[in-house]
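Novice: Contents are mmCIF, C-alpha atoms; file name protein-v8.cif:
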```cif
data_run
loop_
_atom_site.group_PDB
_atom_site.id
_atom_site.type_symbol
_atom_site.label_atom_id
_atom_site.label_comp_id
_atom_site.auth_asym_id
_atom_site.auth_seq_id
_atom_site.Cartn_x
_atom_site.Cartn_y
_atom_site.Cartn_z
ATOM 1 C CA MET A 1 -16.137 3.251 -15.770
ATOM 2 C CA THR A 2 -16.121 5.985 -13.111
ATOM 3 C CA ALA A 3 -13.887 5.261 -10.134
ATOM 4 C CA LYS A 4 -15.652 5.242 -6.757
ATOM 5 C CA LEU A 5 -13.804 7.092 -4.000
ATOM 6 C CA LEU A 6 -14.442 7.303 -0.256
ATOM 7 C CA VAL A 7 -13.367 10.434 1.635
ATOM 8 C CA VAL A 8 -13.012 9.879 5.396
ATOM 9 C CA ASP A 9 -12.715 13.039 7.506
ATOM 10 C CA ASP A 10 -14.428 14.135 10.731
ATOM 11 C CA GLU A 11 -14.183 17.824 9.744
ATOM 12 C CA PRO A 12 -17.340 18.468 7.661
ATOM 13 C CA ARG A 13 -15.961 21.459 5.765
ATOM 14 C CA MET A 14 -12.694 19.736 4.845
ATOM 15 C CA ALA A 15 -14.520 16.553 3.874
ATOM 16 C CA GLU A 16 -16.879 18.403 1.532
ATOM 17 C CA LEU A 17 -14.074 20.479 -0.009
ATOM 18 C CA THR A 18 -12.134 17.310 -0.805
ATOM 19 C CA ALA A 19 -15.230 15.502 -2.080
ATOM 20 C CA ASP A 20 -16.225 18.466 -4.277
ATOM 21 C CA LEU A 21 -12.725 18.636 -5.785
ATOM 22 C CA LEU A 22 -12.871 14.954 -6.680
ATOM 23 C CA ARG A 23 -16.423 15.090 -8.043
ATOM 24 C CA ARG A 24 -15.489 17.981 -10.332
ATOM 25 C CA ALA A 25 -12.633 15.802 -11.590
ATOM 26 C CA GLY A 26 -15.185 13.187 -12.642
ATOM 27 C CA TYR A 27 -15.034 10.732 -9.754
ATOM 28 C CA SER A 28 -17.985 9.267 -7.858
ATOM 29 C CA VAL A 29 -17.476 10.231 -4.206
ATOM 30 C CA GLU A 30 -18.989 9.256 -0.857
ATOM 31 C CA VAL A 31 -18.078 10.789 2.513
ATOM 32 C CA ALA A 32 -17.658 9.091 5.902
ATOM 33 C CA ARG A 33 -17.280 11.192 9.049
ATOM 34 C CA SER A 34 -15.433 8.651 11.208
ATOM 35 C CA GLY A 35 -13.205 5.593 10.996
ATOM 36 C CA SER A 36 -15.995 3.272 12.118
ATOM 37 C CA GLU A 37 -18.389 4.677 9.504
ATOM 38 C CA ALA A 38 -15.704 4.198 6.840
ATOM 39 C CA LEU A 39 -15.254 0.542 7.792
ATOM 40 C CA GLU A 40 -19.017 -0.021 7.654
ATOM 41 C CA ARG A 41 -19.202 1.545 4.165
ATOM 42 C CA VAL A 42 -16.333 -0.669 2.995
ATOM 43 C CA ARG A 43 -18.155 -3.744 4.275
ATOM 44 C CA VAL A 44 -21.203 -2.775 2.204
ATOM 45 C CA ALA A 45 -19.323 -1.803 -0.976
ATOM 46 C CA SER A 46 -15.561 -1.568 -1.428
ATOM 47 C CA PRO A 47 -14.371 1.706 -3.026
ATOM 48 C CA ASP A 48 -11.674 1.959 -5.694
ATOM 49 C CA LEU A 49 -9.689 4.330 -3.453
ATOM 50 C CA MET A 50 -9.961 5.852 0.016
ATOM 51 C CA LEU A 51 -8.694 9.241 1.204
ATOM 52 C CA LEU A 52 -8.313 8.855 4.965
ATOM 53 C CA ASP A 53 -7.817 11.571 7.572
ATOM 54 C CA TYR A 54 -4.952 10.615 9.888
ATOM 55 C CA GLU A 55 -6.477 11.807 13.162
ATOM 56 C CA MET A 56 -10.152 11.309 14.051
ATOM 57 C CA PRO A 57 -11.926 11.112 17.421
ATOM 58 C CA ASP A 58 -12.822 7.426 17.221
ATOM 59 C CA MET A 59 -9.895 5.908 15.303
ATOM 60 C CA GLU A 60 -6.587 7.105 13.914
ATOM 61 C CA ALA A 61 -5.519 6.115 10.413
ATOM 62 C CA PRO A 62 -3.246 3.191 11.496
ATOM 63 C CA GLU A 63 -6.177 1.600 13.350
ATOM 64 C CA VAL A 64 -8.405 1.919 10.289
ATOM 65 C CA LEU A 65 -5.665 0.403 8.126
ATOM 66 C CA ASP A 66 -5.297 -2.529 10.543
ATOM 67 C CA SER A 67 -9.042 -3.193 10.355
ATOM 68 C CA LEU A 68 -9.000 -3.006 6.559
ATOM 69 C CA ARG A 69 -6.107 -5.472 6.436
ATOM 70 C CA ALA A 70 -7.890 -7.845 8.816
ATOM 71 C CA GLY A 71 -10.895 -7.872 6.510
ATOM 72 C CA GLY A 72 -8.954 -8.124 3.266
ATOM 73 C CA ARG A 73 -7.887 -11.191 1.372
ATOM 74 C CA GLY A 74 -4.576 -12.513 2.644
ATOM 75 C CA GLY A 75 -4.277 -9.616 5.100
ATOM 76 C CA ARG A 76 -4.096 -7.121 2.255
ATOM 77 C CA ILE A 77 -6.041 -3.883 1.773
ATOM 78 C CA PRO A 78 -7.882 -4.411 -1.542
ATOM 79 C CA PHE A 79 -7.722 -0.786 -2.704
ATOM 80 C CA PRO A 80 -5.286 2.163 -2.427
ATOM 81 C CA VAL A 81 -5.506 4.335 0.689
ATOM 82 C CA ILE A 82 -4.118 7.877 0.629
ATOM 83 C CA ILE A 83 -3.728 9.360 4.097
ATOM 84 C CA LEU A 84 -4.511 13.047 4.620
ATOM 85 C CA THR A 85 -2.329 14.548 7.340
ATOM 86 C CA GLY A 86 -1.844 17.838 9.110
ATOM 87 C CA ALA A 87 1.509 19.579 8.755
ATOM 88 C CA ARG A 88 2.556 18.457 12.263
ATOM 89 C CA HIS A 89 2.869 14.798 11.318
ATOM 90 C CA SER A 90 6.437 13.530 11.018
ATOM 91 C CA PRO A 91 8.149 11.222 8.516
ATOM 92 C CA GLY A 92 7.893 8.597 11.262
ATOM 93 C CA ASP A 93 4.079 8.811 11.087
ATOM 94 C CA GLN A 94 4.310 8.296 7.342
ATOM 95 C CA VAL A 95 6.492 5.225 7.793
ATOM 96 C CA VAL A 96 3.946 3.753 10.237
ATOM 97 C CA GLY A 97 1.122 4.373 7.781
ATOM 98 C CA LEU A 98 2.982 2.890 4.840
ATOM 99 C CA GLU A 99 3.961 -0.166 6.854
ATOM 100 C CA ARG A 100 0.287 -0.643 7.752
ATOM 101 C CA GLY A 101 -0.707 -0.613 4.071
ATOM 102 C CA ALA A 102 -1.257 3.015 3.019
ATOM 103 C CA SER A 103 -0.363 3.862 -0.578
ATOM 104 C CA ASP A 104 0.565 7.524 -0.145
ATOM 105 C CA PHE A 105 0.414 10.619 2.073
ATOM 106 C CA VAL A 106 -0.896 14.075 1.238
ATOM 107 C CA VAL A 107 -0.628 17.038 3.618
ATOM 108 C CA LYS A 108 -3.911 18.914 3.986
ATOM 109 C CA GLY A 109 -3.758 22.199 2.108
ATOM 110 C CA THR A 110 -1.582 20.746 -0.668
ATOM 111 C CA ASP A 111 -2.291 22.241 -4.101
ATOM 112 C CA ARG A 112 -5.470 20.748 -5.590
ATOM 113 C CA GLN A 113 -3.765 19.631 -8.774
ATOM 114 C CA VAL A 114 -1.199 17.720 -6.723
ATOM 115 C CA VAL A 115 -3.975 15.955 -4.798
ATOM 116 C CA LEU A 116 -5.689 14.977 -8.056
ATOM 117 C CA ALA A 117 -2.373 13.790 -9.507
ATOM 118 C CA ARG A 118 -1.755 11.564 -6.454
ATOM 119 C CA VAL A 119 -5.255 10.077 -6.736
ATOM 120 C CA HIS A 120 -4.874 9.496 -10.463
ATOM 121 C CA SER A 121 -1.442 7.908 -9.961
ATOM 122 C CA ALA A 122 -2.719 5.507 -7.280
ATOM 123 C CA LEU A 123 -5.650 4.430 -9.455
ATOM 124 C CA ARG A 124 -3.393 4.026 -12.494
ATOM 125 C CA GLU A 125 -0.935 1.903 -10.476
ATOM 126 C CA ARG A 126 -3.789 -0.334 -9.390
ATOM 127 C CA ALA A 127 -5.078 -0.719 -12.959
ATOM 128 C CA SER A 128 -1.662 -1.323 -14.519
ATOM 129 C CA ALA A 129 -0.271 -3.785 -11.980
ATOM 130 C CA PRO A 130 2.091 -6.271 -13.666
ATOM 131 C CA ALA A 131 0.727 -9.595 -14.817
ATOM 132 C CA ALA A 132 0.986 -12.637 -12.578
ATOM 133 C CA VAL A 133 4.375 -14.357 -12.557
ATOM 134 C CA THR A 134 5.271 -18.017 -12.040
ATOM 135 C CA ARG A 135 8.749 -19.199 -11.078
ATOM 136 C CA GLY A 136 8.942 -22.896 -10.354
ATOM 137 C CA GLY A 137 6.364 -23.619 -7.659
ATOM 138 C CA LEU A 138 6.057 -19.915 -6.827
ATOM 139 C CA GLN A 139 3.090 -17.947 -8.180
ATOM 140 C CA VAL A 140 2.562 -14.243 -7.460
ATOM 141 C CA ASP A 141 -0.189 -11.878 -8.584
ATOM 142 C CA ALA A 142 0.072 -8.654 -6.567
ATOM 143 C CA SER A 143 -2.906 -7.070 -8.348
ATOM 144 C CA ARG A 144 -5.143 -9.792 -6.893
ATOM 145 C CA GLY A 145 -3.370 -9.924 -3.531
ATOM 146 C CA PHE A 146 -2.388 -13.507 -4.243
ATOM 147 C CA ALA A 147 0.770 -15.584 -3.809
ATOM 148 C CA GLN A 148 1.401 -19.273 -3.285
ATOM 149 C CA LEU A 149 4.303 -21.695 -3.156
ATOM 150 C CA ASP A 150 3.664 -25.288 -4.232
ATOM 151 C CA GLY A 151 -0.045 -24.675 -3.682
ATOM 152 C CA ARG A 152 0.423 -23.211 -0.183
ATOM 153 C CA PRO A 153 -0.965 -19.653 0.154
ATOM 154 C CA LEU A 154 1.527 -17.005 1.292
ATOM 155 C CA LYS A 155 0.107 -14.458 3.732
ATOM 156 C CA LEU A 156 1.748 -11.224 2.626
ATOM 157 C CA GLU A 157 0.674 -7.612 2.885
ATOM 158 C CA ARG A 158 0.607 -5.289 -0.112
ATOM 159 C CA ARG A 159 4.203 -4.072 -0.148
ATOM 160 C CA PRO A 160 5.955 -7.387 0.608
ATOM 161 C CA LEU A 161 3.722 -8.888 -2.094
ATOM 162 C CA MET A 162 4.706 -6.187 -4.606
ATOM 163 C CA MET A 163 8.358 -6.660 -3.683
ATOM 164 C CA LEU A 164 8.158 -10.425 -4.148
ATOM 165 C CA GLN A 165 6.551 -9.995 -7.564
ATOM 166 C CA LEU A 166 9.233 -7.524 -8.663
ATOM 167 C CA LEU A 167 12.004 -9.873 -7.539
ATOM 168 C CA ALA A 168 10.270 -12.832 -9.210
ATOM 169 C CA ASN A 169 9.914 -10.906 -12.468
ATOM 170 C CA ARG A 170 13.661 -10.257 -12.330
ATOM 171 C CA SER A 171 14.676 -13.655 -10.928
ATOM 172 C CA GLY A 172 18.408 -14.246 -11.142
ATOM 173 C CA GLU A 173 19.108 -10.492 -11.285
ATOM 174 C CA VAL A 174 20.240 -8.266 -8.444
ATOM 175 C CA VAL A 175 17.611 -5.577 -7.769
ATOM 176 C CA SER A 176 19.040 -2.597 -5.905
ATOM 177 C CA ARG A 177 17.604 -1.331 -2.638
ATOM 178 C CA SER A 178 16.982 2.088 -4.184
ATOM 179 C CA GLU A 179 15.027 0.551 -7.068
ATOM 180 C CA LEU A 180 12.916 -1.499 -4.668
ATOM 181 C CA LEU A 181 12.199 1.550 -2.513
ATOM 182 C CA GLU A 182 11.169 3.599 -5.535
ATOM 183 C CA ALA A 183 9.053 0.869 -7.145
ATOM 184 C CA VAL A 184 7.339 -0.452 -4.013
ATOM 185 C CA TRP A 185 7.309 2.502 -1.592
ATOM 186 C CA GLY A 186 7.312 5.248 -4.228
ATOM 187 C CA SER A 187 10.229 6.962 -2.511
ATOM 188 C CA SER A 188 13.970 6.711 -2.054
ATOM 189 C CA TYR A 189 13.619 8.196 1.462
ATOM 190 C CA ARG A 190 16.173 6.388 3.653
ATOM 191 C CA GLY A 191 13.671 6.172 6.487
ATOM 192 C CA PHE A 192 11.875 3.440 4.545
ATOM 193 C CA GLU A 193 14.928 1.159 4.437
ATOM 194 C CA HIS A 194 13.856 -0.474 7.705
ATOM 195 C CA SER A 195 10.464 -1.154 6.088
ATOM 196 C CA LEU A 196 12.240 -2.782 3.153
ATOM 197 C CA GLU A 197 14.231 -5.042 5.477
ATOM 198 C CA GLN A 198 11.048 -5.978 7.330
ATOM 199 C CA ALA A 199 9.392 -6.842 4.010
ATOM 200 C CA VAL A 200 12.290 -9.165 3.121
ATOM 201 C CA HIS A 201 12.006 -10.817 6.545
ATOM 202 C CA ARG A 202 8.259 -11.391 6.089
ATOM 203 C CA ILE A 203 8.725 -12.834 2.596
ATOM 204 C CA ARG A 204 11.435 -15.229 3.801
ATOM 205 C CA ARG A 205 9.277 -16.253 6.744
ATOM 206 C CA GLU A 206 6.362 -17.098 4.451
ATOM 207 C CA LEU A 207 8.539 -18.933 1.909
ATOM 208 C CA ARG A 208 10.065 -20.923 4.814
ATOM 209 C CA GLU A 209 13.291 -21.298 2.833
ATOM 210 C CA PRO A 210 15.737 -18.380 3.269
ATOM 211 C CA GLY A 211 17.635 -19.395 0.139
ATOM 212 C CA TRP A 212 14.934 -18.036 -2.139
ATOM 213 C CA ILE A 213 16.082 -14.453 -1.548
ATOM 214 C CA GLU A 214 19.782 -13.675 -1.415
ATOM 215 C CA THR A 215 21.091 -10.486 0.176
ATOM 216 C CA ILE A 216 23.759 -8.822 -1.981
ATOM 217 C CA ARG A 217 25.542 -6.764 0.653
ATOM 218 C CA GLY A 218 25.615 -3.051 -0.060
ATOM 219 C CA ILE A 219 23.529 -3.412 -3.244
ATOM 220 C CA GLY A 220 20.179 -5.163 -2.905
ATOM 221 C CA TYR A 221 18.493 -8.543 -3.265
ATOM 222 C CA ARG A 222 18.213 -11.383 -5.760
ATOM 223 C CA LEU A 223 15.539 -14.081 -6.019
ATOM 224 C CA THR A 224 16.811 -17.522 -6.957
ATOM 225 C CA VAL A 225 14.231 -20.122 -7.948
ATOM 226 C CA ARG A 226 14.555 -23.172 -5.701
ATOM 227 C CA PRO A 227 14.276 -26.680 -7.190
#
```
For the file at hand, write its structure as structure tokens.
Specialist:
Amino acid sequence: MTAKLLVVDDEPRMAELTADLLRRAGYSVEVARSGSEALERVRVASPDLMLLDYEMPDMEAPEVLDSLRAGGRGGRIPFPVIILTGARHSPGDQVVGLERGASDFVVKGTDRQVVLARVHSALRERASAPAAVTRGGLQVDASRGFAQLDGRPLKLERRPLMMLQLLANRSGEVVSRSELLEAVWGSSYRGFEHSLEQAVHRIRRELREPGWIETIRGIGYRLTVRP
């Protein structure tokens, strides 16, 4: 089945160049020329992946991501979003985008094959998400944006949800910070360590029992199933 992609860019020439590249790669592609138009298209029919320009006249990428999260199940964006940025954007902008739910960043003008590889990787990650895991009263299925504890839904965004599922799959084991960064954020960039700590805080807050996740100082984290 052909993946449906949505390209969001207010620059007509750039939007059509990106769309044409993706169509020639075999994808079905629609184009939106603003953040508000993109949100309306998502309401009508959710794409399999969105390529989102960072800076547009009506909305910047973080605002679009916030709106997508608000409309998603459990506050989660239901499809990967790759942000397209100009060269001037800093690692800090990337951190903001990733914390808001973006899957990846691509600088405009990046080699076409790299862009296609990033798209393919994001779609493959979505399709090959690990199976749901149950540990005691805890159930997690990141591919469906679902988690619950003793029947109580846990409101977690995409990355905290992925992190919880990874820790649950490895319950009783210490998972290093670097492994979590690579598996969940797709990078070992130290600037994302604050995002990792925030994700742990959000998971603990939702579980309401800090003892579920143990901090192993200087190494990483371990999930211990509570009775």
Novice: Running the PyMOL selection byres ((chain A and resi 202) around 12) on this model by hand, what would come out? Give it as a list in words.
Specialist: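 This file, filtered by the PyMOL selection byres ((chain A and resi 202) around 12), leaves Leu154, Lys155, Leu156, Glu157, Arg158, Arg159, Pro160, Leu161, Met163, Leu164, Ser195, Leu196, Glu197, Gln198, Ala199, Val200, His201, Ile203, Arg204, Arg205, Glu206, Leu207, Arg208, Glu209, Pro210 and Ile213 of chain A.
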Novice: Let me see the file: selected residues, C-alpha atoms, as a compact mmCIF listing (two decimals), keeping the file's coordinate frame.
Specialist:
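Writing done, so here's out_25.txt:
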```
# COMPACT_ATOMS: atom_id res chain seq x y z
CA LEU A 154 1.53 -17.00 1.29
CA LYS A 155 0.11 -14.46 3.73
CA LEU A 156 1.75 -11.22 2.63
CA GLU A 157 0.67 -7.61 2.88
CA ARG A 158 0.61 -5.29 -0.11
CA ARG A 159 4.20 -4.07 -0.15
CA PRO A 160 5.96 -7.39 0.61
CA LEU A 161 3.72 -8.89 -2.09
CA MET A 163 8.36 -6.66 -3.68
CA LEU A 164 8.16 -10.42 -4.15
CA SER A 195 10.46 -1.15 6.09
CA LEU A 196 12.24 -2.78 3.15
CA GLU A 197 14.23 -5.04 5.48
CA GLN A 198 11.05 -5.98 7.33
CA ALA A 199 9.39 -6.84 4.01
CA VAL A 200 12.29 -9.16 3.12
CA HIS A 201 12.01 -10.82 6.54
CA ILE A 203 8.72 -12.83 2.60
CA ARG A 204 11.44 -15.23 3.80
CA ARG A 205 9.28 -16.25 6.74
CA GLU A 206 6.36 -17.10 4.45
CA LEU A 207 8.54 -18.93 1.91
CA ARG A 208 10.06 -20.92 4.81
CA GLU A 209 13.29 -21.30 2.83
CA PRO A 210 15.74 -18.38 3.27
CA ILE A 213 16.08 -14.45 -1.55
```
Novice: Specify as a PyMOL selection string each residue included when the PyMOL selection byres ((chain A and resi 30) around 7) is applied to this file.
Specialist: chain A and resi 5-7+29+31-32
Novice: Quick one, how far is CA of Ile82 (chain A) from CA of Leu180 (chain A)?
Specialist: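 These atoms are spaced 20.2 Å apart.
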Novice: Just so the selection is clear, what residues does the PyMOL selection byres ((chain A and resi 39-54) around 7) cover here, as a PDB file with C-alpha atoms, keeping the file's coordinate frame?
Specialist:
```
ATOM      1  CA  ALA A   3     -13.887   5.261 -10.134  1.00  0.00           C
ATOM      2  CA  LYS A   4     -15.652   5.242  -6.757  1.00  0.00           C
ATOM      3  CA  LEU A   5     -13.804   7.092  -4.000  1.00  0.00           C
ATOM      4  CA  LEU A   6     -14.442   7.303  -0.256  1.00  0.00           C
ATOM      5  CA  VAL A   7     -13.367  10.434   1.635  1.00  0.00           C
ATOM      6  CA  VAL A   8     -13.012   9.879   5.396  1.00  0.00           C
ATOM      7  CA  ASP A   9     -12.715  13.039   7.506  1.00  0.00           C
ATOM      8  CA  GLY A  35     -13.205   5.593  10.996  1.00  0.00           C
ATOM      9  CA  SER A  36     -15.995   3.272  12.118  1.00  0.00           C
ATOM     10  CA  GLU A  37     -18.389   4.677   9.504  1.00  0.00           C
ATOM     11  CA  ALA A  38     -15.704   4.198   6.840  1.00  0.00           C
ATOM     12  CA  GLU A  55      -6.477  11.807  13.162  1.00  0.00           C
ATOM     13  CA  MET A  56     -10.152  11.309  14.051  1.00  0.00           C
ATOM     14  CA  GLU A  60      -6.587   7.105  13.914  1.00  0.00           C
ATOM     15  CA  ALA A  61      -5.519   6.115  10.413  1.00  0.00           C
ATOM     16  CA  PHE A  79      -7.722  -0.786  -2.704  1.00  0.00           C
ATOM     17  CA  PRO A  80      -5.286   2.163  -2.427  1.00  0.00           C
ATOM     18  CA  VAL A  81      -5.506   4.335   0.689  1.00  0.00           C
ATOM     19  CA  ILE A  82      -4.118   7.877   0.629  1.00  0.00           C
ATOM     20  CA  ILE A  83      -3.728   9.360   4.097  1.00  0.00           C
ATOM     21  CA  LEU A  84      -4.511  13.047   4.620  1.00  0.00           C
ATOM     22  CA  THR A  85      -2.329  14.548   7.340  1.00  0.00           C
TER      23      THR A  85
END
```
Novice: Which of these residues is nearest to His120 (chain A), using all atoms listed in the file: A:Gly151, A:Tyr27, A:Val107, A:Pro57?
Specialist: A:Tyr27
Novice: When you draw a straight line from CA of Ala147 (chain A) to CA of Val133 (chain A), how long is it in Å?
Specialist: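 Interatomic distance here is 9.5 Å.
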Novice: Could you check how far CA of Leu223 (chain A) sits from CA of Leu149 (chain A), in Å to one decimal?
Specialist: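 These atoms are spaced 13.9 Å apart.
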Novice: As a VMD selection string, please: the residues near Tyr221 (chain A) (cut-off 8 Å, all atoms listed in the file, same-chain neighbours under 5 positions excluded).
Specialist: chain A and resid 167 174 to 177 213 to 216
Novice: Taking only C-alpha atoms into account, which of A:Arg226, A:Asn169, A:His194, A:Ser28 comes nearest Asp150 (chain A)?
Specialist: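 Using only C-alpha atoms, the shortest distance to Asp150 (chain A) belongs to A:Arg226.
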Novice: Restricting the calculation to all atoms listed in the file: of A:Ser171, A:Thr2, A:Ser103, A:Thr18, which residue gets closest to Val115 (chain A)?
Specialist: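 Once distances to Val115 (chain A) are computed over all atoms listed in the file, the minimum belongs to A:Thr18.
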Novice: Give the answer as one residue: which of A:Glu16, A:Arg152, A:Leu98, A:Glu125 has the shortest atom-to-atom distance to Ala183 (chain A), using all atoms listed in the file?
Specialist: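 Among the listed residues, the smallest separation from Ala183 (chain A) belongs to A:Glu125.
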Novice: Env of Ala168 (chain A): 10 Å cut, atoms = all atoms listed in the file, seq-sep filter 4 positions within chain, self excluded. Answer as JSON, numbers by chain.
Specialist: {"A": [132, 133, 134, 135, 138, 139, 140, 162, 163, 164, 172, 173, 212, 213, 222, 223, 224, 225]}
Novice: Find the residue from A:Val119, A:Glu99, A:Asp10, A:Asp66 that sits nearest to Leu22 (chain A); use all atoms listed in the file when measuring.
Specialist: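 When distances to Leu22 (chain A) are compared using all atoms listed in the file, the smallest one comes from A:Val119.
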Novice: Would you compute, for all listed atoms of region 43-51 of chain A, the axis-aligned bounding box grown by 6 Å on each side, and then report its centre and edge lengths in Å rounded to one decimal, as lines of an AutoDock Vina configuration file?
Specialist:
```
center_x = -14.9
center_y = 2.7
center_z = -0.7
size_x = 24.5
size_y = 25.0
size_z = 22.0
```
Novice: For each of A:Pro62, A:Gly186, A:Pro153, A:Gly71, take the minimum atom-to-atom distance to Arg118 (chain A), counting all atoms listed in the file, then give the residue where this is smallest.
Specialist: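 The shortest atom-to-atom distance to Arg118 (chain A) comes from A:Gly186.
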